[in-house]
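Next comes protein-v6.txt, with compact mmCIF, C-alpha atoms (C1' of nucleotides).
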```
# COMPACT_ATOMS: atom_id res chain seq x y z
CA MET A 12 -72.86 -30.84 19.34
CA ASN A 13 -69.90 -28.47 18.96
CA VAL A 14 -68.70 -27.62 22.46
CA ILE A 15 -66.42 -24.80 21.37
CA GLU A 16 -69.18 -23.15 19.37
CA ILE A 17 -71.44 -23.39 22.43
CA ASN A 18 -68.77 -22.01 24.74
CA LYS A 19 -68.28 -19.08 22.39
CA ALA A 20 -71.99 -18.42 22.38
CA LEU A 21 -71.91 -18.44 26.17
CA SER A 22 -68.93 -16.07 26.36
CA ASN A 23 -71.04 -12.95 26.28
CA GLU A 24 -73.04 -11.32 29.06
CA THR A 25 -76.01 -10.40 26.87
CA ARG A 26 -76.33 -13.85 25.36
CA LEU A 27 -76.14 -15.51 28.75
CA LYS A 28 -78.89 -13.21 29.95
CA ILE A 29 -81.09 -13.96 26.97
CA LEU A 30 -80.78 -17.68 27.58
CA ASN A 31 -81.71 -17.09 31.18
CA TRP A 32 -84.67 -14.86 30.43
CA LEU A 33 -86.04 -17.51 28.10
CA LYS A 34 -86.32 -19.88 31.06
CA SER A 35 -89.39 -17.96 32.24
CA PRO A 36 -90.72 -15.67 29.51
CA GLU A 37 -93.86 -14.77 31.48
CA GLU A 38 -91.68 -13.18 34.15
CA ASN A 39 -89.34 -11.39 31.76
CA PHE A 40 -91.40 -10.25 28.79
CA PRO A 41 -94.78 -8.66 28.10
CA PRO A 42 -97.44 -10.96 26.63
CA HIS A 43 -97.52 -11.36 22.87
CA LYS A 44 -100.47 -9.53 21.37
CA ASP A 45 -101.16 -12.07 18.65
CA LEU A 46 -100.50 -15.28 20.53
CA GLY A 47 -101.69 -15.68 24.08
CA HIS A 48 -98.72 -17.80 25.14
CA PHE A 49 -94.96 -18.32 25.02
CA ASN A 50 -95.06 -21.87 23.73
CA ASP A 51 -92.60 -21.07 20.96
CA GLY A 52 -90.61 -18.60 23.00
CA VAL A 53 -90.23 -14.86 22.61
CA CYS A 54 -90.13 -12.59 19.57
CA VAL A 55 -86.96 -10.76 18.55
CA GLN A 56 -88.49 -7.35 19.19
CA TYR A 57 -89.01 -7.99 22.91
CA ILE A 58 -85.54 -9.42 23.35
CA LYS A 59 -84.09 -6.43 21.56
CA GLU A 60 -85.98 -4.01 23.81
CA LYS A 61 -84.91 -5.78 26.98
CA THR A 62 -81.22 -5.71 26.03
CA GLY A 63 -81.10 -2.20 24.61
CA LEU A 64 -78.90 -3.33 21.74
CA SER A 65 -79.66 -2.75 18.08
CA GLN A 66 -81.95 -4.97 16.06
CA SER A 67 -79.14 -6.22 13.85
CA THR A 68 -76.93 -7.09 16.80
CA ILE A 69 -79.69 -9.06 18.51
CA SER A 70 -80.59 -10.83 15.32
CA HIS A 71 -76.94 -11.76 14.94
CA PHE A 72 -76.67 -12.95 18.55
CA LEU A 73 -79.77 -15.09 18.21
CA SER A 74 -78.35 -16.53 15.03
CA LEU A 75 -75.12 -17.46 16.81
CA MET A 76 -77.04 -19.13 19.60
CA GLN A 77 -79.22 -20.94 17.12
CA LYS A 78 -76.22 -22.21 15.15
CA ALA A 79 -74.76 -23.47 18.40
CA GLY A 80 -78.05 -25.30 18.95
CA LEU A 81 -78.96 -23.50 22.16
CA ILE A 82 -82.21 -22.00 20.89
CA THR A 83 -84.79 -22.80 18.24
CA PRO A 84 -86.71 -20.38 16.03
CA THR A 85 -90.35 -20.63 15.00
CA ARG A 86 -91.94 -18.29 12.51
CA HIS A 87 -95.48 -17.02 13.14
CA GLY A 88 -96.48 -14.56 10.44
CA LYS A 89 -93.97 -11.75 10.43
CA TRP A 90 -92.60 -12.62 13.82
CA THR A 91 -89.85 -15.05 14.69
CA TYR A 92 -90.01 -16.56 18.14
CA TYR A 93 -87.02 -18.09 19.83
CA LYS A 94 -87.15 -20.65 22.60
CA ARG A 95 -84.54 -22.62 24.51
CA ASN A 96 -83.49 -25.98 23.16
CA GLU A 97 -83.56 -27.81 26.47
CA GLN A 98 -82.38 -31.05 24.97
CA MET A 99 -79.19 -29.48 23.61
CA ILE A 100 -78.56 -27.60 26.83
CA LYS A 101 -78.91 -30.83 28.78
CA SER A 102 -76.56 -32.71 26.46
CA TYR A 103 -74.04 -29.93 26.74
CA LEU A 104 -74.12 -29.98 30.52
CA GLN A 105 -73.79 -33.74 30.58
CA TYR A 106 -70.86 -33.59 28.22
CA LEU A 107 -69.11 -30.96 30.31
CA SER A 108 -69.67 -32.88 33.51
CA LYS A 109 -67.98 -35.89 31.98
CA GLU A 110 -65.28 -34.39 29.83
CA LEU A 111 -64.18 -31.24 31.57
CA MET B 14 -65.81 -17.01 39.79
CA ASN B 15 -66.24 -15.21 36.46
CA VAL B 16 -68.29 -17.47 34.22
CA ILE B 17 -67.70 -15.49 31.07
CA GLU B 18 -63.95 -15.48 31.61
CA ILE B 19 -64.09 -19.25 32.09
CA ASN B 20 -66.24 -19.75 29.00
CA LYS B 21 -63.77 -17.72 26.97
CA ALA B 22 -60.92 -19.82 28.27
CA LEU B 23 -62.85 -22.92 27.21
CA SER B 24 -63.60 -21.55 23.73
CA ASN B 25 -60.40 -22.85 22.21
CA GLU B 26 -59.52 -26.36 21.10
CA THR B 27 -55.95 -26.27 22.41
CA ARG B 28 -56.94 -24.98 25.82
CA LEU B 29 -59.67 -27.59 26.17
CA LYS B 30 -57.15 -30.26 25.29
CA ILE B 31 -54.64 -28.99 27.83
CA LEU B 32 -57.25 -29.10 30.56
CA ASN B 33 -58.09 -32.62 29.54
CA TRP B 34 -54.48 -33.81 29.38
CA LEU B 35 -53.93 -32.50 32.87
CA LYS B 36 -56.54 -34.94 34.15
CA SER B 37 -54.03 -37.76 33.75
CA PRO B 38 -50.50 -36.42 33.29
CA GLU B 39 -48.90 -39.86 33.54
CA GLU B 40 -50.78 -40.92 30.42
CA ASN B 41 -50.12 -37.77 28.45
CA PHE B 42 -46.65 -36.56 29.35
CA PRO B 43 -43.17 -37.99 29.92
CA PRO B 44 -41.99 -38.13 33.53
CA HIS B 45 -40.29 -35.06 34.96
CA LYS B 46 -36.57 -35.61 35.35
CA ASP B 47 -36.20 -33.57 38.52
CA LEU B 48 -39.39 -34.55 40.33
CA GLY B 49 -40.58 -38.12 40.27
CA HIS B 50 -44.27 -37.19 40.24
CA PHE B 51 -46.98 -34.94 38.83
CA ASN B 52 -48.28 -33.69 42.15
CA ASP B 53 -48.07 -30.09 41.02
CA GLY B 54 -49.00 -30.81 37.44
CA VAL B 55 -46.95 -30.51 34.28
CA CYS B 56 -44.22 -28.09 33.19
CA VAL B 57 -44.77 -25.59 30.40
CA GLN B 58 -42.17 -27.19 28.17
CA TYR B 59 -44.04 -30.49 27.93
CA ILE B 60 -47.35 -28.79 27.28
CA LYS B 61 -45.72 -26.69 24.60
CA GLU B 62 -44.23 -29.76 22.90
CA LYS B 63 -47.51 -31.64 22.94
CA THR B 64 -49.43 -28.78 21.33
CA GLY B 65 -46.82 -27.76 18.79
CA LEU B 66 -47.50 -24.08 19.42
CA SER B 67 -44.84 -21.53 20.33
CA GLN B 68 -43.57 -21.05 23.85
CA SER B 69 -45.03 -17.56 24.12
CA THR B 70 -48.46 -18.67 22.93
CA ILE B 71 -48.59 -21.53 25.41
CA SER B 72 -47.42 -19.30 28.22
CA HIS B 73 -50.16 -16.88 27.29
CA PHE B 74 -52.80 -19.62 27.13
CA LEU B 75 -51.79 -20.97 30.52
CA SER B 76 -51.97 -17.46 31.88
CA LEU B 77 -55.52 -17.04 30.55
CA MET B 78 -56.59 -20.31 32.11
CA GLN B 79 -54.94 -19.39 35.35
CA LYS B 80 -56.67 -16.00 35.47
CA ALA B 81 -59.95 -17.79 34.89
CA GLY B 82 -59.06 -19.98 37.87
CA LEU B 83 -59.04 -23.25 35.97
CA ILE B 84 -55.41 -24.12 36.67
CA THR B 85 -52.84 -23.34 39.34
CA PRO B 86 -49.12 -22.77 38.91
CA THR B 87 -46.35 -23.95 41.20
CA ARG B 88 -42.75 -22.95 40.76
CA HIS B 89 -40.01 -25.54 41.30
CA GLY B 90 -36.63 -24.04 40.51
CA LYS B 91 -36.70 -22.76 36.97
CA TRP B 92 -39.78 -24.73 36.05
CA THR B 93 -43.40 -23.74 36.43
CA TYR B 94 -45.83 -26.59 36.81
CA TYR B 95 -49.51 -26.21 36.12
CA LYS B 96 -52.23 -28.40 37.52
CA ARG B 97 -56.01 -28.38 37.34
CA ASN B 98 -57.93 -26.47 39.97
CA GLU B 99 -60.55 -29.11 40.61
CA GLN B 100 -62.41 -27.00 43.11
CA MET B 101 -62.97 -24.19 40.61
CA ILE B 102 -63.93 -26.62 37.87
CA LYS B 103 -66.46 -28.21 40.17
CA SER B 104 -67.93 -24.87 41.20
CA TYR B 105 -68.18 -23.86 37.59
CA LEU B 106 -70.04 -27.03 36.65
CA GLN B 107 -72.40 -26.64 39.57
CA TYR B 108 -73.09 -23.06 38.63
CA LEU B 109 -73.81 -23.97 35.03
CA SER B 110 -76.10 -26.81 36.03
CA LYS B 111 -78.16 -24.41 38.09
CA GLU B 112 -78.06 -21.22 36.09
CA LEU B 113 -77.85 -22.25 32.48
C1' DA C 10 -19.46 -13.79 37.57
C1' DA C 11 -20.87 -15.76 33.18
C1' DA C 12 -23.42 -18.91 30.50
C1' DA C 13 -27.40 -21.71 29.96
C1' DC C 14 -32.10 -22.74 30.48
C1' DA C 15 -37.32 -22.21 31.52
C1' DT C 16 -40.82 -19.10 31.63
C1' DA C 17 -42.99 -14.58 31.24
C1' DT C 18 -43.69 -10.37 28.96
C1' DC C 19 -43.51 -7.16 24.95
C1' DG C 20 -44.57 -5.63 20.32
C1' DA C 21 -46.59 -6.69 16.09
C1' DT C 22 -49.66 -8.58 12.55
C1' DA C 23 -53.61 -11.36 11.11
C1' DA C 24 -58.01 -13.04 12.17
C1' DA C 25 -62.27 -13.03 14.75
C1' DT C 26 -65.83 -10.74 17.34
C1' DC C 27 -68.80 -6.77 18.64
C1' DT C 28 -71.74 -3.45 17.30
C1' DC C 29 -73.94 -0.27 14.46
C1' DG C 30 -76.81 1.79 10.58
C1' DA C 31 -78.44 0.74 5.97
C1' DT C 32 -80.51 -2.45 2.95
C1' DT C 33 -83.08 -6.55 1.76
C1' DT C 34 -86.57 -10.06 2.43
C1' DA C 35 -90.85 -11.81 4.10
C1' DT C 36 -95.27 -11.11 5.71
C1' DA C 37 -99.41 -8.41 6.94
C1' DA C 38 -102.40 -4.42 6.62
C1' DA C 39 -104.52 -0.69 4.11
C1' DT D 11 -100.76 -3.18 -5.08
C1' DT D 12 -98.74 0.06 -2.17
C1' DT D 13 -97.40 0.69 2.58
C1' DA D 14 -95.96 -0.76 7.05
C1' DT D 15 -93.78 -3.88 10.18
C1' DA D 16 -90.46 -7.68 11.79
C1' DA D 17 -86.45 -9.95 11.04
C1' DA D 18 -82.27 -11.16 8.41
C1' DT D 19 -78.36 -9.84 5.91
C1' DC D 20 -74.66 -6.59 4.38
C1' DG D 21 -70.78 -3.48 4.95
C1' DA D 22 -67.87 -1.16 8.02
C1' DG D 23 -65.20 0.54 12.07
C1' DA D 24 -63.66 -0.57 16.74
C1' DT D 25 -62.19 -3.93 19.90
C1' DT D 26 -60.51 -8.44 21.18
C1' DT D 27 -58.13 -12.69 20.34
C1' DA D 28 -54.50 -15.75 18.19
C1' DT D 29 -50.05 -16.29 17.29
C1' DC D 30 -45.37 -15.36 16.52
C1' DG D 31 -40.39 -13.88 17.33
C1' DA D 32 -37.66 -11.04 20.29
C1' DT D 33 -36.51 -9.58 24.74
C1' DA D 34 -36.63 -9.66 29.83
C1' DT D 35 -36.68 -12.12 34.29
C1' DG D 36 -35.56 -15.63 37.39
C1' DT D 37 -32.95 -19.74 38.47
C1' DT D 38 -29.32 -23.04 38.01
C1' DT D 39 -24.91 -24.57 36.57
C1' DT D 40 -20.18 -23.75 35.35
```

This structure in C-alpha cells:
Amino acid sequence: MNVIEINKALSNETRLKILNWLKSPEENFPPHKDLGHFNDGVCVQYIKEKTGLSQSTISHFLSLMQKAGLITPTRHGKWTYYKRNEQMIKSYLQYLSKEL
Amino acid sequence: MNVIEINKALSNETRLKILNWLKSPEENFPPHKDLGHFNDGVCVQYIKEKTGLSQSTISHFLSLMQKAGLITPTRHGKWTYYKRNEQMIKSYLQYLSKEL
DNA sequence: AAAACATATCGATAAATCTCGATTTATAAA
DNA sequence: TTTATAAATCGAGATTTATCGATATGTTTT
C-alpha cells in the first residue's frame, strides 16, 4: 500500500465522487443492459456520463485509482467494470488512524 | 474542513514526515534554547535542518499544511513554532472513516 | 540606530497533473 | 470480414506543484 499514491488519487473532487458513487451503484447509475447486477461495479461509460468529463480523462482517472489499489477492474466482453476495493480502503483507513 | 486540500497536503513524503515528527518533538528534535519545552511545537529552523530542504521550501510546506488546518503556528519572538492541530486531524479521520 | 537572525514572500524554472481530441486495441455485431 | 462500440493509450497545451535563491518583514541584540 502506497499512502502517498492513494492520497494523490484522493486529491481530486471527481475521483472522490466516483469512489463515493461506487458505494451504491444502484442509486447512482442506470442498470446495465447486459448484466442484471452491479456485482463487478460500473462500466466506464456510465461513470463518464455522470461526471461530464471526456472518455480519455475518465479512463485515466480510473487507471490512477486502480494503480493506487482503490478500485478493481473486471472485463465483461467489451465493457470494463470498476468496483471499490474495500479491503484496500479499509487498510488505508486503518493505517491513517494509526500513523497520521 | 477541506478534504481535498488536506489530501493534497498529505500527498508529499516530506510533509507526511513532518506531521509525524511533530507527534513526539522530544524524540525528533533538539531542545529549544529559549523555551524549555515543545508546548507550541517546533521552530522552522529545526524542521528545515531535519528535512535538508531549503528554508523557503519548508516555509512554504508549513504554510500549505497550516492552510489545510493540519498544524498551527505560534510566534515567540523571532521564532515561529508549529504544532499539530489534533482536533482537525481527528475530524479529518472521522470524516474519511464515514465518507470514504 | 545598525547589525544580526528567523521566517515569510517573491520570482523563476523544472516537473507533475489535468484535460482534451485523436488514435489504437479489443471485442461484438452485421 | 467489415463495421460498430467500449476502453486504453498517445500527444499536446494549460494549470498546478516542487524547489530554489533572492529579497522583504519582523524581532532581537549591540

Rotate and translate chain B onto chain A via least squares on all in-order Cα pairs, then write the result as a short mmCIF file (atom, residue, chain, number, x, y, z; two decimals) with C-alpha atoms, in the frame of the given file.
```
data_model
loop_
_atom_site.label_atom_id
_atom_site.label_comp_id
_atom_site.auth_asym_id
_atom_site.auth_seq_id
_atom_site.Cartn_x
_atom_site.Cartn_y
_atom_site.Cartn_z
CA MET B 14 -72.85 -30.84 19.31
CA ASN B 15 -69.91 -28.45 18.96
CA VAL B 16 -68.72 -27.62 22.46
CA ILE B 17 -66.44 -24.81 21.41
CA GLU B 18 -69.18 -23.15 19.39
CA ILE B 19 -71.45 -23.39 22.43
CA ASN B 20 -68.78 -22.02 24.76
CA LYS B 21 -68.27 -19.08 22.43
CA ALA B 22 -71.98 -18.42 22.39
CA LEU B 23 -71.93 -18.44 26.19
CA SER B 24 -68.94 -16.08 26.40
CA ASN B 25 -71.04 -12.95 26.30
CA GLU B 26 -73.05 -11.32 29.07
CA THR B 27 -76.01 -10.40 26.86
CA ARG B 28 -76.31 -13.84 25.35
CA LEU B 29 -76.15 -15.51 28.75
CA LYS B 30 -78.89 -13.20 29.95
CA ILE B 31 -81.09 -13.96 26.96
CA LEU B 32 -80.77 -17.67 27.59
CA ASN B 33 -81.70 -17.09 31.18
CA TRP B 34 -84.68 -14.85 30.42
CA LEU B 35 -86.03 -17.50 28.10
CA LYS B 36 -86.31 -19.87 31.05
CA SER B 37 -89.36 -17.95 32.24
CA PRO B 38 -90.71 -15.67 29.52
CA GLU B 39 -93.84 -14.76 31.49
CA GLU B 40 -91.65 -13.19 34.16
CA ASN B 41 -89.33 -11.38 31.78
CA PHE B 42 -91.39 -10.25 28.82
CA PRO B 43 -94.79 -8.67 28.12
CA PRO B 44 -97.43 -10.97 26.65
CA HIS B 45 -97.53 -11.38 22.88
CA LYS B 46 -100.50 -9.58 21.39
CA ASP B 47 -101.16 -12.11 18.65
CA LEU B 48 -100.49 -15.34 20.53
CA GLY B 49 -101.69 -15.74 24.08
CA HIS B 50 -98.71 -17.85 25.15
CA PHE B 51 -94.95 -18.35 25.03
CA ASN B 52 -95.02 -21.89 23.72
CA ASP B 53 -92.58 -21.07 20.97
CA GLY B 54 -90.60 -18.59 23.01
CA VAL B 55 -90.22 -14.85 22.62
CA CYS B 56 -90.13 -12.57 19.58
CA VAL B 57 -86.98 -10.73 18.56
CA GLN B 58 -88.50 -7.33 19.21
CA TYR B 59 -89.00 -7.98 22.92
CA ILE B 60 -85.53 -9.41 23.34
CA LYS B 61 -84.10 -6.42 21.54
CA GLU B 62 -85.98 -3.99 23.80
CA LYS B 63 -84.88 -5.75 26.96
CA THR B 64 -81.21 -5.68 26.00
CA GLY B 65 -81.10 -2.18 24.57
CA LEU B 66 -78.89 -3.31 21.70
CA SER B 67 -79.66 -2.72 18.03
CA GLN B 68 -81.97 -4.94 16.04
CA SER B 69 -79.17 -6.20 13.81
CA THR B 70 -76.94 -7.08 16.75
CA ILE B 71 -79.69 -9.02 18.49
CA SER B 72 -80.60 -10.81 15.29
CA HIS B 73 -76.96 -11.74 14.91
CA PHE B 74 -76.68 -12.92 18.52
CA LEU B 75 -79.78 -15.07 18.20
CA SER B 76 -78.36 -16.51 15.02
CA LEU B 77 -75.12 -17.43 16.80
CA MET B 78 -77.02 -19.12 19.59
CA GLN B 79 -79.20 -20.92 17.12
CA LYS B 80 -76.20 -22.20 15.15
CA ALA B 81 -74.75 -23.46 18.41
CA GLY B 82 -78.05 -25.28 18.95
CA LEU B 83 -78.96 -23.50 22.16
CA ILE B 84 -82.20 -21.98 20.88
CA THR B 85 -84.78 -22.78 18.23
CA PRO B 86 -86.71 -20.37 16.04
CA THR B 87 -90.34 -20.62 15.01
CA ARG B 88 -91.94 -18.30 12.52
CA HIS B 89 -95.48 -17.04 13.15
CA GLY B 90 -96.49 -14.58 10.46
CA LYS B 91 -93.97 -11.78 10.42
CA TRP B 92 -92.59 -12.63 13.82
CA THR B 93 -89.82 -15.04 14.69
CA TYR B 94 -90.01 -16.55 18.14
CA TYR B 95 -87.01 -18.08 19.84
CA LYS B 96 -87.14 -20.63 22.60
CA ARG B 97 -84.54 -22.61 24.51
CA ASN B 98 -83.49 -25.97 23.16
CA GLU B 99 -83.56 -27.81 26.45
CA GLN B 100 -82.37 -31.05 24.94
CA MET B 101 -79.18 -29.48 23.59
CA ILE B 102 -78.56 -27.61 26.83
CA LYS B 103 -78.92 -30.83 28.76
CA SER B 104 -76.58 -32.71 26.45
CA TYR B 105 -74.06 -29.94 26.74
CA LEU B 106 -74.15 -30.02 30.53
CA GLN B 107 -73.81 -33.78 30.57
CA TYR B 108 -70.87 -33.61 28.22
CA LEU B 109 -69.13 -30.99 30.32
CA SER B 110 -69.71 -32.93 33.52
CA LYS B 111 -68.01 -35.94 31.99
CA GLU B 112 -65.29 -34.43 29.87
CA LEU B 113 -64.22 -31.27 31.61
#
```

Determine, using all atoms listed in the file, which residues of chain B have any atom at most 9 Å from an atom of chain A, and tabulate each with its shortest atom pair and distance in Å to one decimal place, rows ordered by chain and then rising number, as JSON lines.
```
{"residue": "B:Val16", "atom": "CA", "partner": "A:Ser22", "partner_atom": "CA", "distance": 8.0}
{"residue": "B:Ile17", "atom": "CA", "partner": "A:Ser22", "partner_atom": "CA", "distance": 4.9}
{"residue": "B:Glu18", "atom": "CA", "partner": "A:Ser22", "partner_atom": "CA", "distance": 7.3}
{"residue": "B:Ile19", "atom": "CA", "partner": "A:Ser22", "partner_atom": "CA", "distance": 8.1}
{"residue": "B:Asn20", "atom": "CA", "partner": "A:Ser22", "partner_atom": "CA", "distance": 5.3}
{"residue": "B:Lys21", "atom": "CA", "partner": "A:Ser22", "partner_atom": "CA", "distance": 5.5}
{"residue": "B:Ala22", "atom": "CA", "partner": "A:Asn18", "partner_atom": "CA", "distance": 8.9}
{"residue": "B:Leu23", "atom": "CA", "partner": "A:Asn18", "partner_atom": "CA", "distance": 6.5}
{"residue": "B:Ser24", "atom": "CA", "partner": "A:Ile15", "partner_atom": "CA", "distance": 4.9}
{"residue": "B:Asn25", "atom": "CA", "partner": "A:Ile15", "partner_atom": "CA", "distance": 6.4}
{"residue": "B:Glu26", "atom": "CA", "partner": "A:Ile15", "partner_atom": "CA", "distance": 7.1}
{"residue": "B:Leu29", "atom": "CA", "partner": "A:Leu111", "partner_atom": "CA", "distance": 7.9}
{"residue": "B:Leu32", "atom": "CA", "partner": "A:Leu111", "partner_atom": "CA", "distance": 7.3}
{"residue": "B:Asn33", "atom": "CA", "partner": "A:Leu111", "partner_atom": "CA", "distance": 6.6}
{"residue": "B:Lys36", "atom": "CA", "partner": "A:Leu111", "partner_atom": "CA", "distance": 8.9}
{"residue": "B:Ile102", "atom": "CA", "partner": "A:Leu111", "partner_atom": "CA", "distance": 7.8}
{"residue": "B:Lys103", "atom": "CA", "partner": "A:Ser108", "partner_atom": "CA", "distance": 8.7}
{"residue": "B:Leu106", "atom": "CA", "partner": "A:Ser108", "partner_atom": "CA", "distance": 6.6}
{"residue": "B:Leu109", "atom": "CA", "partner": "A:Leu104", "partner_atom": "CA", "distance": 7.5}
{"residue": "B:Ser110", "atom": "CA", "partner": "A:Leu104", "partner_atom": "CA", "distance": 6.7}
{"residue": "B:Glu112", "atom": "CA", "partner": "A:Asn31", "partner_atom": "CA", "distance": 7.4}
{"residue": "B:Leu113", "atom": "CA", "partner": "A:Asn31", "partner_atom": "CA", "distance": 6.6}
```

Proximity of chain B to range 12-36 of chain D: per-residue shortest pair, 9 Å limit, all atoms listed in the file, as a Markdown table:
```
| residue | atom | partner | partner_atom | distance |
| --- | --- | --- | --- | --- |
| B:Leu66 | CA | D:DT29 | C1' | 8.5 |
| B:Ser67 | CA | D:DC30 | C1' | 7.3 |
| B:Ser69 | CA | D:DC30 | C1' | 7.9 |
| B:Thr70 | CA | D:DT29 | C1' | 6.3 |
| B:Lys91 | CA | D:DG36 | C1' | 7.2 |
```

Residues as selected, C-alpha atoms, written as a PDB file, keeping the file's coordinate frame, can you do that?
```pdb
ATOM      1  CA  LEU B  66     -47.500 -24.080  19.420  1.00  0.00           C
ATOM      2  CA  SER B  67     -44.840 -21.530  20.330  1.00  0.00           C
ATOM      3  CA  SER B  69     -45.030 -17.560  24.120  1.00  0.00           C
ATOM      4  CA  THR B  70     -48.460 -18.670  22.930  1.00  0.00           C
ATOM      5  CA  LYS B  91     -36.700 -22.760  36.970  1.00  0.00           C
TER       6      LYS B  91
END
```

As a short mmCIF file (atom, residue, chain, number, x, y, z; two decimals) with C-alpha atoms (C1' of nucleotides), in the coordinates of the input, please: the residues near DA13 in chain C (cut-off 12 Å, all atoms listed in the file, same-chain neighbours under 3 positions excluded).
```
data_model
loop_
_atom_site.label_atom_id
_atom_site.label_comp_id
_atom_site.auth_asym_id
_atom_site.auth_seq_id
_atom_site.Cartn_x
_atom_site.Cartn_y
_atom_site.Cartn_z
CA LYS B 91 -36.70 -22.76 36.97
"C1'" DT D 37 -32.95 -19.74 38.47
"C1'" DT D 38 -29.32 -23.04 38.01
"C1'" DT D 39 -24.91 -24.57 36.57
"C1'" DT D 40 -20.18 -23.75 35.35
#
```

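Of the residues listed (A:Asn96, A:Ser102, A:Thr83, A:Ser74), A:Ser74 shows the shortest atom-to-atom separation from chain D; distances use all atoms listed in the file.
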
Selection near Ser37 in chain B, 12 Å with only C-alpha atoms (C1' of nucleotides), sequence-local residues under 3 positions removed, as a list in words: Lys30, Ile31, Leu32, Asn33, Trp34, Glu40, Asn41, Phe42, Pro43, His50, Phe51, Asn52, Gly54, Val55, Lys96 and Arg97 of chain B

Output range 71-84 of chain B as a PDB file, in the frame of the given file, making sure N, CA and C atoms are there.
```
ATOM      1  N   ILE B  71     -48.194 -20.621  24.342  1.00  0.00           N
ATOM      2  CA  ILE B  71     -48.590 -21.530  25.410  1.00  0.00           C
ATOM      3  C   ILE B  71     -48.550 -20.822  26.760  1.00  0.00           C
ATOM      4  N   SER B  72     -47.511 -20.047  26.965  1.00  0.00           N
ATOM      5  CA  SER B  72     -47.420 -19.300  28.220  1.00  0.00           C
ATOM      6  C   SER B  72     -48.628 -18.390  28.374  1.00  0.00           C
ATOM      7  N   HIS B  73     -48.986 -17.757  27.285  1.00  0.00           N
ATOM      8  CA  HIS B  73     -50.160 -16.880  27.290  1.00  0.00           C
ATOM      9  C   HIS B  73     -51.439 -17.653  27.574  1.00  0.00           C
ATOM     10  N   PHE B  74     -51.618 -18.787  26.917  1.00  0.00           N
ATOM     11  CA  PHE B  74     -52.800 -19.620  27.130  1.00  0.00           C
ATOM     12  C   PHE B  74     -52.900 -20.052  28.592  1.00  0.00           C
ATOM     13  N   LEU B  75     -51.783 -20.506  29.134  1.00  0.00           N
ATOM     14  CA  LEU B  75     -51.790 -20.970  30.520  1.00  0.00           C
ATOM     15  C   LEU B  75     -52.142 -19.809  31.452  1.00  0.00           C
ATOM     16  N   SER B  76     -51.654 -18.628  31.091  1.00  0.00           N
ATOM     17  CA  SER B  76     -51.970 -17.460  31.880  1.00  0.00           C
ATOM     18  C   SER B  76     -53.476 -17.149  31.848  1.00  0.00           C
ATOM     19  N   LEU B  77     -54.074 -17.261  30.677  1.00  0.00           N
ATOM     20  CA  LEU B  77     -55.520 -17.040  30.550  1.00  0.00           C
ATOM     21  C   LEU B  77     -56.298 -18.026  31.432  1.00  0.00           C
ATOM     22  N   MET B  78     -55.893 -19.276  31.350  1.00  0.00           N
ATOM     23  CA  MET B  78     -56.590 -20.310  32.110  1.00  0.00           C
ATOM     24  C   MET B  78     -56.392 -20.113  33.605  1.00  0.00           C
ATOM     25  N   GLN B  79     -55.206 -19.638  33.938  1.00  0.00           N
ATOM     26  CA  GLN B  79     -54.940 -19.390  35.350  1.00  0.00           C
ATOM     27  C   GLN B  79     -55.777 -18.220  35.869  1.00  0.00           C
ATOM     28  N   LYS B  80     -55.856 -17.155  35.071  1.00  0.00           N
ATOM     29  CA  LYS B  80     -56.670 -16.000  35.470  1.00  0.00           C
ATOM     30  C   LYS B  80     -58.126 -16.392  35.623  1.00  0.00           C
ATOM     31  N   ALA B  81     -58.575 -17.303  34.788  1.00  0.00           N
ATOM     32  CA  ALA B  81     -59.950 -17.790  34.890  1.00  0.00           C
ATOM     33  C   ALA B  81     -60.124 -18.715  36.081  1.00  0.00           C
ATOM     34  N   GLY B  82     -59.010 -19.139  36.681  1.00  0.00           N
ATOM     35  CA  GLY B  82     -59.060 -19.980  37.870  1.00  0.00           C
ATOM     36  C   GLY B  82     -59.084 -21.465  37.595  1.00  0.00           C
ATOM     37  N   LEU B  83     -58.922 -21.838  36.329  1.00  0.00           N
ATOM     38  CA  LEU B  83     -59.040 -23.250  35.970  1.00  0.00           C
ATOM     39  C   LEU B  83     -57.814 -24.069  36.313  1.00  0.00           C
ATOM     40  N   ILE B  84     -56.656 -23.419  36.352  1.00  0.00           N
ATOM     41  CA  ILE B  84     -55.410 -24.120  36.670  1.00  0.00           C
ATOM     42  C   ILE B  84     -54.591 -23.298  37.670  1.00  0.00           C
TER      43      ILE B  84
END
```
